[in-house]
file work.cif (mmCIF, C-alpha atoms)
data_protein
loop_
_atom_site.label_atom_id
_atom_site.label_comp_id
_atom_site.auth_asym_id
_atom_site.auth_seq_id
_atom_site.Cartn_x
_atom_site.Cartn_y
_atom_site.Cartn_z
CA ASN A 1 39.37 78.79 94.46
CA ASN A 2 41.57 81.84 94.04
CA ASN A 3 44.38 79.60 92.77
CA ASN A 4 42.03 77.99 90.25
CA ASN A 5 40.88 81.41 89.05
CA ASN A 6 44.48 82.56 88.67
CA ASN A 7 45.33 79.46 86.64
CA ASN A 8 42.31 80.03 84.41
CA ASN A 9 43.31 83.65 83.90
CA ASN A 10 46.85 82.64 82.97
CA ASN A 11 45.91 79.90 80.52
CA PRO A 12 44.56 82.14 77.72
CA SER A 13 47.75 84.21 77.52
CA GLN A 14 49.86 81.06 77.68
CA ASN A 15 47.81 79.54 74.88
CA ILE A 16 48.17 82.67 72.77
CA PHE A 17 51.95 82.63 73.28
CA VAL A 18 52.18 78.93 72.37
CA ASN A 19 49.98 79.46 69.31
CA GLU A 20 52.00 82.48 68.16
CA ARG A 21 55.21 80.53 68.48
CA GLU A 22 53.76 77.64 66.48
CA VAL A 23 52.58 80.07 63.79
CA VAL A 24 56.11 81.50 63.52
CA ARG A 25 57.64 78.02 63.32
CA THR A 26 55.17 76.98 60.63
CA ALA A 27 55.88 80.17 58.67
CA GLY A 28 59.61 79.45 58.90
CA ARG A 29 59.20 75.91 57.60
CA GLN A 30 56.95 77.10 54.77
CA ALA A 31 59.38 79.86 53.77
CA ILE A 32 62.29 77.41 53.52
CA SER A 33 60.13 74.82 51.76
CA SER A 34 59.07 77.40 49.15
CA PHE A 35 62.69 78.39 48.60
CA LEU A 36 63.74 74.76 48.04
CA ASP A 37 60.81 74.34 45.62
CA SER A 38 61.82 77.39 43.60
CA HIS A 39 65.50 76.46 43.10
CA THR A 40 66.90 73.57 41.07
CA CYS A 41 69.97 71.39 41.42
CA PHE A 42 71.60 73.43 38.66
CA SER A 43 71.69 76.41 41.04
CA VAL A 44 74.01 74.64 43.52
CA LEU A 45 76.56 73.54 40.93
CA ARG A 46 79.91 75.33 41.01
CA ALA A 47 81.20 77.19 37.96
CA SER A 48 84.01 74.64 37.69
CA GLY A 49 84.58 71.33 39.40
CA LYS A 50 86.03 67.86 39.13
CA VAL A 51 84.00 64.71 38.49
CA VAL A 52 85.48 61.23 38.75
CA VAL A 53 83.64 58.27 37.17
CA PHE A 54 84.84 54.67 37.50
CA ASP A 55 84.47 51.90 34.93
CA THR A 56 83.32 48.80 36.84
CA ARG A 57 86.08 46.75 35.18
CA ILE A 58 88.97 48.46 37.04
CA PRO A 59 90.41 46.93 40.25
CA ILE A 60 88.50 48.12 43.29
CA GLN A 61 91.66 48.91 45.26
CA LEU A 62 92.84 51.17 42.42
CA ALA A 63 89.46 52.94 42.48
CA PHE A 64 89.75 53.58 46.20
CA TYR A 65 93.22 55.07 45.96
CA ALA A 66 92.04 57.22 43.04
CA LEU A 67 89.31 58.63 45.31
CA VAL A 68 91.93 59.45 47.93
CA GLU A 69 94.32 60.98 45.39
CA HIS A 70 91.62 63.22 43.93
CA ASP A 71 90.25 64.07 47.39
CA MET A 72 86.81 62.78 46.41
CA GLN A 73 84.28 61.20 48.76
CA ALA A 74 82.27 59.40 46.06
CA ALA A 75 82.27 58.51 42.37
CA PRO A 76 79.55 57.10 40.07
CA LEU A 77 80.12 53.65 38.58
CA TRP A 78 79.66 53.07 34.84
CA ASP A 79 78.96 49.58 33.50
CA PRO A 80 80.11 49.53 29.87
CA SER A 81 78.23 46.31 29.11
CA LEU A 82 74.93 47.88 30.17
CA CYS A 83 75.88 51.38 29.01
CA GLN A 84 74.52 52.89 32.19
CA PHE A 85 75.43 53.99 35.70
CA VAL A 86 74.93 51.18 38.19
CA GLY A 87 75.95 52.63 41.54
CA LEU A 88 78.04 55.07 43.53
CA LEU A 89 81.34 54.03 45.10
CA THR A 90 82.30 55.87 48.28
CA VAL A 91 85.27 55.72 50.60
CA THR A 92 83.03 54.10 53.20
CA ASP A 93 82.03 51.36 50.73
CA PHE A 94 85.65 50.26 50.51
CA ILE A 95 85.84 50.16 54.32
CA ASP A 96 82.66 48.05 54.39
CA ILE A 97 84.15 45.69 51.82
CA LEU A 98 87.28 45.29 53.96
CA ARG A 99 85.08 44.53 56.98
CA HIS A 100 83.08 42.04 54.92
CA TYR A 101 86.27 40.23 53.83
CA ARG A 102 87.56 40.20 57.39
CA SER A 103 84.35 38.83 58.95
CA ASN A 104 83.96 36.14 56.26
CA GLY A 105 87.62 35.07 56.29
CA LEU A 106 88.14 35.98 52.62
CA GLU A 107 91.51 36.68 50.99
CA VAL A 108 91.98 40.46 51.07
CA THR A 109 95.03 40.45 48.76
CA SER A 110 92.64 39.79 45.84
CA LEU A 111 91.29 43.33 46.19
CA ALA A 112 94.40 44.58 44.38
CA THR A 113 93.46 42.76 41.16
CA ARG A 114 89.73 42.02 41.25
CA SER A 115 87.41 44.42 39.47
CA ILE A 116 84.72 46.55 41.08
CA ALA A 117 82.05 44.46 39.33
CA GLU A 118 83.53 41.15 40.58
CA ILE A 119 83.85 42.31 44.17
CA LEU A 120 80.38 43.80 44.32
CA HIS A 121 78.86 40.64 42.88
CA GLN A 122 80.73 38.48 45.42
CA VAL A 123 79.78 40.73 48.33
CA LYS A 124 76.15 40.76 47.20
CA MET A 125 75.98 36.95 46.89
CA THR A 126 77.66 36.35 50.27
CA SER A 127 75.44 38.95 51.94
CA THR A 128 72.30 37.40 50.45
CA SER A 129 73.22 33.94 51.76
CA ASN A 130 73.89 35.45 55.21
CA ASN A 131 70.70 37.57 55.10
CA LYS A 132 72.81 40.71 55.49
CA SER A 133 72.63 43.92 53.49
CA THR A 134 76.08 44.81 52.15
CA GLY A 135 77.21 46.44 48.94
CA LEU A 136 76.03 49.34 46.81
CA SER A 137 72.54 50.77 46.62
CA PRO A 138 70.84 51.20 43.22
CA PHE A 139 72.04 54.25 41.29
CA LEU A 140 69.79 57.15 42.25
CA SER A 141 70.30 60.57 40.73
CA ALA A 142 68.81 63.96 39.99
CA ASP A 143 69.16 66.13 36.92
CA THR A 144 69.71 69.85 36.52
CA THR A 145 65.94 70.54 36.50
CA THR A 146 65.23 68.64 39.75
CA THR A 147 64.16 71.05 42.50
CA LEU A 148 66.22 71.22 45.67
CA LYS A 149 63.12 70.08 47.56
CA GLN A 150 62.94 66.94 45.39
CA ALA A 151 66.70 66.38 45.80
CA CYS A 152 66.35 66.62 49.59
CA ARG A 153 63.52 64.10 49.45
CA ILE A 154 65.65 61.63 47.48
CA LEU A 155 68.58 62.05 49.90
CA HIS A 156 66.34 61.74 52.96
CA ASP A 157 63.97 58.97 51.88
CA HIS A 158 66.79 56.70 50.66
CA SER A 159 69.25 57.58 53.48
CA LEU A 160 71.84 58.81 50.99
CA ASP A 161 74.83 61.04 51.67
CA PHE A 162 75.55 61.84 48.02
CA LEU A 163 73.33 62.55 45.02
CA PRO A 164 74.79 62.65 41.48
CA VAL A 165 73.38 65.40 39.26
CA LEU A 166 73.13 64.48 35.57
CA TYR A 167 72.76 66.62 32.47
CA PRO A 168 69.42 65.30 31.10
CA GLU A 169 70.29 65.58 27.39
CA ASP A 170 73.29 63.23 27.39
CA MET A 171 73.30 61.83 30.97
CA ARG A 172 76.71 63.29 31.81
CA VAL A 173 77.48 63.50 35.53
CA LEU A 174 78.00 67.18 36.34
CA ALA A 175 78.54 66.89 40.09
CA THR A 176 77.66 64.95 43.23
CA ILE A 177 75.82 67.09 45.77
CA THR A 178 75.22 66.67 49.50
CA TYR A 179 73.04 68.16 52.24
CA THR A 180 75.79 70.64 53.04
CA ASN A 181 75.84 71.93 49.43
CA ILE A 182 72.11 72.60 49.68
CA LEU A 183 72.41 74.28 53.10
CA GLU A 184 75.26 76.47 51.84
CA HIS A 185 73.13 77.60 48.89
CA LEU A 186 70.16 78.21 51.19
CA VAL A 187 72.08 80.43 53.60
CA THR A 188 73.74 82.36 50.75
CA HIS A 189 70.59 83.11 48.76
CA PHE A 190 67.59 82.85 51.11
CA ARG A 191 66.22 86.24 52.16
CA GLU A 192 63.61 86.73 54.88
CA GLN A 193 62.76 89.93 56.76
CA ARG A 194 60.75 88.19 59.48
CA ARG A 195 62.49 86.69 62.52
CA LEU A 196 61.38 83.10 61.97
CA PHE A 197 64.35 81.13 63.27
CA ASP A 198 64.99 82.41 66.79
CA ASP A 199 63.97 79.19 68.56
CA THR A 200 66.80 76.98 69.74
CA ILE A 201 67.51 73.67 68.05
CA TYR A 202 66.80 71.93 71.36
CA GLU A 203 63.35 73.55 71.68
CA LEU A 204 62.57 72.51 68.11
CA GLY A 205 63.67 68.94 68.76
CA ILE A 206 66.17 69.00 65.89
CA GLY A 207 68.84 66.35 66.43
CA THR A 208 69.41 63.39 68.73
CA TYR A 209 69.95 63.88 72.46
CA HIS A 210 71.05 62.26 75.71
CA ASP A 211 70.74 58.45 75.91
CA ASN A 212 69.74 58.19 72.24
CA VAL A 213 73.22 59.30 71.11
CA GLN A 214 75.45 56.40 70.12
CA VAL A 215 79.01 56.81 71.42
CA GLY A 216 82.36 55.06 71.15
CA TYR A 217 84.92 54.83 73.93
CA ALA A 218 88.61 55.63 73.54
CA HIS A 219 89.57 52.05 74.45
CA GLN A 220 87.31 50.42 71.82
CA THR A 221 88.85 49.19 68.59
CA LEU A 222 88.27 50.69 65.18
CA ALA A 223 86.57 47.43 64.15
CA GLU A 224 84.09 47.78 67.04
CA ALA A 225 83.41 51.41 66.12
CA LEU A 226 82.75 50.49 62.48
CA ASP A 227 80.32 47.79 63.64
CA ILE A 228 78.39 50.37 65.70
CA LEU A 229 78.30 52.79 62.74
CA ALA A 230 77.05 50.08 60.39
CA GLU A 231 74.47 48.72 62.86
CA HIS A 232 72.91 52.15 63.42
CA SER A 233 73.48 53.53 59.88
CA LEU A 234 75.60 56.40 61.21
CA GLY A 235 78.20 58.49 59.42
CA ALA A 236 80.26 59.35 62.50
CA LEU A 237 80.71 58.36 66.13
CA PRO A 238 81.53 60.74 69.00
CA VAL A 239 84.46 59.35 71.00
CA VAL A 240 84.06 59.84 74.74
CA MET A 241 86.27 59.30 77.73
CA SER A 242 86.40 55.73 78.97
CA THR A 243 85.72 55.21 82.68
CA GLU A 244 89.24 53.87 83.09
CA ASP A 245 90.60 57.09 81.54
CA GLY A 246 89.00 59.26 84.21
CA ASP A 247 85.53 60.07 85.41
CA GLY A 248 83.93 59.82 81.96
CA GLY A 249 81.12 57.63 83.21
CA ASN A 250 80.28 59.77 86.21
CA GLY A 251 76.59 60.49 86.56
CA GLY A 252 75.83 59.15 83.08
CA SER A 253 77.69 62.03 81.42
CA HIS A 254 80.12 61.54 78.54
CA LYS A 255 83.19 63.73 78.17
CA LEU A 256 83.74 64.35 74.47
CA LEU A 257 87.28 63.67 73.24
CA GLY A 258 86.78 63.76 69.49
CA VAL A 259 84.86 62.22 66.61
CA TYR A 260 85.57 59.25 64.37
CA SER A 261 83.94 59.45 60.95
CA ARG A 262 83.41 56.59 58.55
CA SER A 263 84.92 58.79 55.87
CA ASP A 264 88.16 59.14 57.85
CA ILE A 265 90.49 56.94 55.83
CA THR A 266 93.72 57.73 57.70
CA PHE A 267 94.03 54.08 58.74
CA LEU A 268 93.63 53.04 55.08
CA ALA A 269 95.78 55.68 53.43
CA SER A 270 98.65 54.89 55.81
CA ALA A 271 98.43 51.14 55.08
CA SER A 272 100.82 49.57 52.59
CA ASP A 273 98.19 47.11 51.32
CA ALA A 274 94.77 45.65 52.14
CA GLU A 275 96.21 43.21 54.69
CA ASP A 276 97.90 46.08 56.50
CA ALA A 277 94.61 47.98 56.45
CA ILE A 278 92.84 44.99 58.01
CA SER A 279 95.41 44.85 60.80
CA ASN A 280 94.80 48.57 61.44
CA LEU A 281 91.24 47.69 62.46
CA LYS A 282 92.78 46.58 65.79
CA LEU A 283 93.78 50.19 66.59
CA THR A 284 91.84 51.79 69.45
CA LEU A 285 89.76 54.89 68.82
CA GLY A 286 92.15 56.78 71.08
CA GLU A 287 95.03 55.82 68.79
CA VAL A 288 93.02 56.71 65.68
CA LEU A 289 92.21 60.17 67.07
CA ALA A 290 95.89 60.73 67.82
CA GLN A 291 96.73 59.95 64.16
CA GLN A 292 94.09 62.25 62.66
CA ARG A 293 95.44 65.09 60.57
CA THR A 294 95.14 68.51 62.16
CA ASP A 295 95.70 70.44 58.93
CA VAL A 296 92.27 69.51 57.55
CA ALA A 297 89.97 70.94 60.23
CA THR A 298 87.64 72.24 57.52
CA THR A 299 86.75 68.77 56.27
CA PRO A 300 83.04 67.90 56.54
CA ASP A 301 83.61 65.46 59.40
CA ALA A 302 85.90 67.49 61.66
CA LEU A 303 84.70 67.99 65.25
CA HIS A 304 82.54 71.10 65.66
CA THR A 305 80.38 71.87 68.67
CA CYS A 306 77.47 74.05 69.74
CA THR A 307 75.19 74.29 72.79
CA LYS A 308 71.48 73.70 73.37
CA GLN A 309 71.06 77.48 73.47
CA HIS A 310 72.10 78.02 69.84
CA THR A 311 69.23 79.23 67.65
CA LEU A 312 68.22 77.62 64.38
CA GLN A 313 69.41 80.77 62.58
CA SER A 314 72.92 80.54 64.06
CA ILE A 315 73.13 76.80 63.33
CA PHE A 316 72.19 77.45 59.68
CA GLU A 317 74.98 79.98 59.33
CA TYR A 318 77.47 77.74 61.10
CA PHE A 319 76.77 74.78 58.80
CA ALA A 320 77.06 76.91 55.66
CA GLN A 321 80.22 78.70 56.81
CA LEU A 322 82.20 75.57 57.68
CA ARG A 323 80.50 73.11 55.27
CA PHE A 324 80.48 70.23 57.73
CA ASN A 325 78.08 67.33 58.20
CA ARG A 326 77.22 67.46 61.90
CA LEU A 327 77.49 69.50 65.09
CA TYR A 328 77.95 67.99 68.53
CA VAL A 329 75.83 69.64 71.21
CA VAL A 330 77.84 70.06 74.40
CA GLU A 331 77.80 71.59 77.86
CA HIS A 332 80.82 72.46 79.95
CA GLN A 333 81.04 71.20 83.51
CA ASN A 334 80.07 74.48 85.18
CA GLN A 335 77.19 74.96 82.71
CA GLN A 336 75.62 71.80 84.14
CA GLU A 337 76.20 73.04 87.66
CA GLU A 338 74.65 76.43 86.81
CA GLY A 339 71.62 75.00 85.07
CA GLY A 340 72.92 75.27 81.50
CA SER A 341 73.85 78.96 81.54
CA THR A 342 76.27 79.99 78.80
CA ALA A 343 77.56 82.99 80.76
CA THR A 344 80.71 81.22 81.92
CA THR A 345 82.41 78.15 80.57
CA ASP A 346 85.48 76.26 81.62
CA ASN A 347 87.21 74.99 78.50
CA SER A 348 90.12 73.40 80.36
CA SER A 349 88.38 70.01 80.64
CA PRO A 350 86.57 68.06 77.88
CA PRO A 351 82.97 69.22 77.36
CA ILE A 352 80.00 67.02 78.24
CA LEU A 353 78.30 65.49 75.19
CA VAL A 354 74.55 66.28 75.13
CA GLY A 355 73.50 65.51 71.56
CA VAL A 356 74.25 65.67 67.85
CA VAL A 357 72.67 67.66 65.03
CA SER A 358 73.36 66.65 61.44
CA ALA A 359 72.80 68.46 58.16
CA ARG A 360 70.26 65.73 57.44
CA ASP A 361 68.38 66.60 60.66
CA LEU A 362 68.19 70.26 59.64
CA VAL A 363 66.84 69.48 56.18
CA ALA A 364 64.40 66.89 57.57
CA TYR A 365 62.87 69.58 59.81
CA PHE A 366 61.77 71.49 56.70
CA LEU A 367 60.46 68.39 54.94
CA GLU A 368 57.94 67.63 57.71
#

call {"tool": "encode", "arguments": {"input": "work.cif", "output": "structure tokens"}}
result
Amino acid sequence: NNNNNNNNNNNPSQNIFVNEREVVRTAGRQAISSFLDSHTCFSVLRASGKVVVFDTRIPIQLAFYALVEHDMQAAPLWDPSLCQFVGLLTVTDFIDILRHYRSNGLEVTSLATRSIAEILHQVKMTSTSNNKSTGLSPFLSADTTTTLKQACRILHDHSLDFLPVLYPEDMRVLATITYTNILEHLVTHFREQRRLFDDTIYELGIGTYHDNVQVGYAHQTLAEALDILAEHSLGALPVVMSTEDGDGGNGGSHKLLGVYSRSDITFLASASDAEDAISNLKLTLGEVLAQQRTDVATTPDALHTCTKQHTLQSIFEYFAQLRFNRLYVVEHQNQQEEGGSTATTDNSSPPILVGVVSARDLVAYFLE
């Protein structure tokens, strides 16, 4: 009976603590939501910038290499016959088109001369007959008066990575924005005196963890990795140690070696032509990681890590500072042995992959 009484006495204080924490979390979400409602897409545009737009009549291979040359991830497509934008071409679209040609036994050399419009029509027709979804999505955009909350909704609800921002008076494309642009603006301009973001990302359930994380192994081919990314609609794949490379499979833990992103076009840029690019799909992920440039660590898809103990506040600042798309949640070997403590870490061996948090996950938390 004494035990029951003690439990009853403890419950009210526990409930109060839980309720207070939920009130703080709700206040945090509302504060961010109000901020996103009060700022427009115009506020995230840079004072000067470069916009690339492709006419759908140009060869698709030329368009891809223009993206690479201008260091652009995406470009709107203009159809002169319709006098309107009809889609957005990204680096990953070109990779998907190469995969489509490879899997359907089509002649890849034609990519050097065939127009964007021709290729997209062919891919669409072949995909329809095979009941597969390949090719570009409809052109979705915002304008300068669209609120950041509305822009986040468009990005999230349509699973987009890029959102063109148009000038409403003449429909000029001013920029293409991403989740990271919005997060950077949020961290720079959002002001809040209350401590609303001290919970950890793990406690808040932001991200994907443990067995739900899709991984690639160092011995798998690039083609296999791209299939996994396409099947699960992912932008990047953590590469973990294969069991034959060591004890990577021990106890169900994955030792993180690096990350392969769909936007990593090293294997394409180094190819002499489309056929050469196709043959590069046979490279293993281990070989691809070894070829990755080390002078571009600030690119949005470089490998960055955090732990389960990082607070939402610190994750915000980290995303905005480095302008990347995702963080991999890791533990070091002795952290696991010591129950996850961050007091001491051994960085001499690869960390254990625990989860992944994307910019999309962060924004989605405030759209709930």

call {"tool": "residues_around", "arguments": {"input": "work.cif", "residues": "Thr266 in chain A", "least_positions_apart": "6", "cutoff": "12 Å", "atoms": "only C-alpha atoms", "output": "list in words"}}
result
Val68, Val91, Ile95, Leu222, Tyr260, Ser272, Ala277, Asn280, Leu281, Leu283, Glu287, Val288, Leu289, Ala290, Gln291, Gln292, Arg293, Thr294 and Val296 of chain A

call {"tool": "closest_residue", "arguments": {"input": "work.cif", "among": "A:Phe267, A:Asp199, A:Val51, A:Tyr179", "to": "Leu155 in chain A", "atoms": "all atoms listed in the file"}}
result
A:Tyr179

call {"tool": "resolve_selection", "arguments": {"input": "work.cif", "expression": "the PyMOL selection byres ((chain A and resi 207) around 10)", "output": "ChimeraX atom specification"}}
result
/A:201-202,204-206,208-209,213,326-329,355-362,364-365

call {"tool": "closest_residue", "arguments": {"input": "work.cif", "among": "A:Ala27, A:Leu120, A:Met241, A:Ile278", "to": "Pro59 in chain A", "atoms": "all atoms listed in the file"}}
result
A:Leu120

call {"tool": "resolve_selection", "arguments": {"input": "work.cif", "expression": "the PyMOL selection byres ((chain A and resi 28-42) around 6)", "output": "PyMOL selection string"}}
result
chain A and resi 25-27+43-45+144-149+196+366

call {"tool": "atom_distance", "arguments": {"input": "work.cif", "atom1": "CA of Thr113 in chain A", "atom2": "CA of Arg262 in chain A"}}
result
24.4 Å

call {"tool": "atom_distance", "arguments": {"input": "work.cif", "atom1": "CA of Ser103 in chain A", "atom2": "CA of Glu69 in chain A"}}
result
27.8 Å

call {"tool": "atom_distance", "arguments": {"input": "work.cif", "atom1": "CA of Thr305 in chain A", "atom2": "CA of Lys282 in chain A"}}
result
28.3 Å

call {"tool": "resolve_selection", "arguments": {"input": "work.cif", "expression": "the PyMOL selection byres ((chain A and resi 303) around 10)", "output": "list in words"}}
result
Pro238, Leu256, Leu257, Gly258, Val259, Tyr260, Ser261, Ala297, Thr298, Thr299, Pro300, Asp301, Ala302, His304, Thr305, Phe324, Asn325, Arg326, Leu327 and Tyr328 of chain A

call {"tool": "closest_residue", "arguments": {"input": "work.cif", "among": "A:Thr92, A:Ser48, A:Gln220, A:Thr56", "to": "Pro76 in chain A", "atoms": "all atoms listed in the file"}}
result
A:Thr56

call {"tool": "closest_residue", "arguments": {"input": "work.cif", "among": "A:Ala47, A:Val239, A:Leu234, A:Leu98", "to": "Gly286 in chain A", "atoms": "all atoms listed in the file"}}
result
A:Val239

call {"tool": "closest_residue", "arguments": {"input": "work.cif", "among": "A:Leu163, A:Ala151, A:Ala320, A:Val330", "to": "Thr180 in chain A", "atoms": "all atoms listed in the file"}}
result
A:Ala320

call {"tool": "closest_atom_pairs", "arguments": {"input": "work.cif", "of": "range 21-104 of chain A", "to": "range 171-176 of chain A", "cutoff": "9 Å", "atoms": "only C-alpha atoms", "output": "tab-separated table"}}
result
residue	atom	partner	partner_atom	distance
A:Leu45	CA	A:Ala175	CA	7.0
A:Arg46	CA	A:Ala175	CA	8.6
A:Gly49	CA	A:Ala175	CA	7.5
A:Lys50	CA	A:Ala175	CA	7.6
A:Val51	CA	A:Ala175	CA	6.1
A:Val52	CA	A:Val173	CA	8.9
A:Val53	CA	A:Val173	CA	8.2
A:Ala74	CA	A:Thr176	CA	7.8
A:Ala75	CA	A:Thr176	CA	8.0
A:Pro76	CA	A:Val173	CA	8.1

call {"tool": "closest_residue", "arguments": {"input": "work.cif", "among": "A:Tyr65, A:Glu22, A:Glu184, A:Ser81", "to": "Ser270 in chain A", "atoms": "only C-alpha atoms"}}
result
A:Tyr65

call {"tool": "residues_around", "arguments": {"input": "work.cif", "residues": "Ile97 in chain A", "least_positions_apart": "3", "cutoff": "8 Å", "atoms": "all atoms listed in the file", "output": "list of chain:residue names"}}
result
A:Asp93, A:Phe94, A:His100, A:Tyr101, A:Val123, A:Gly135
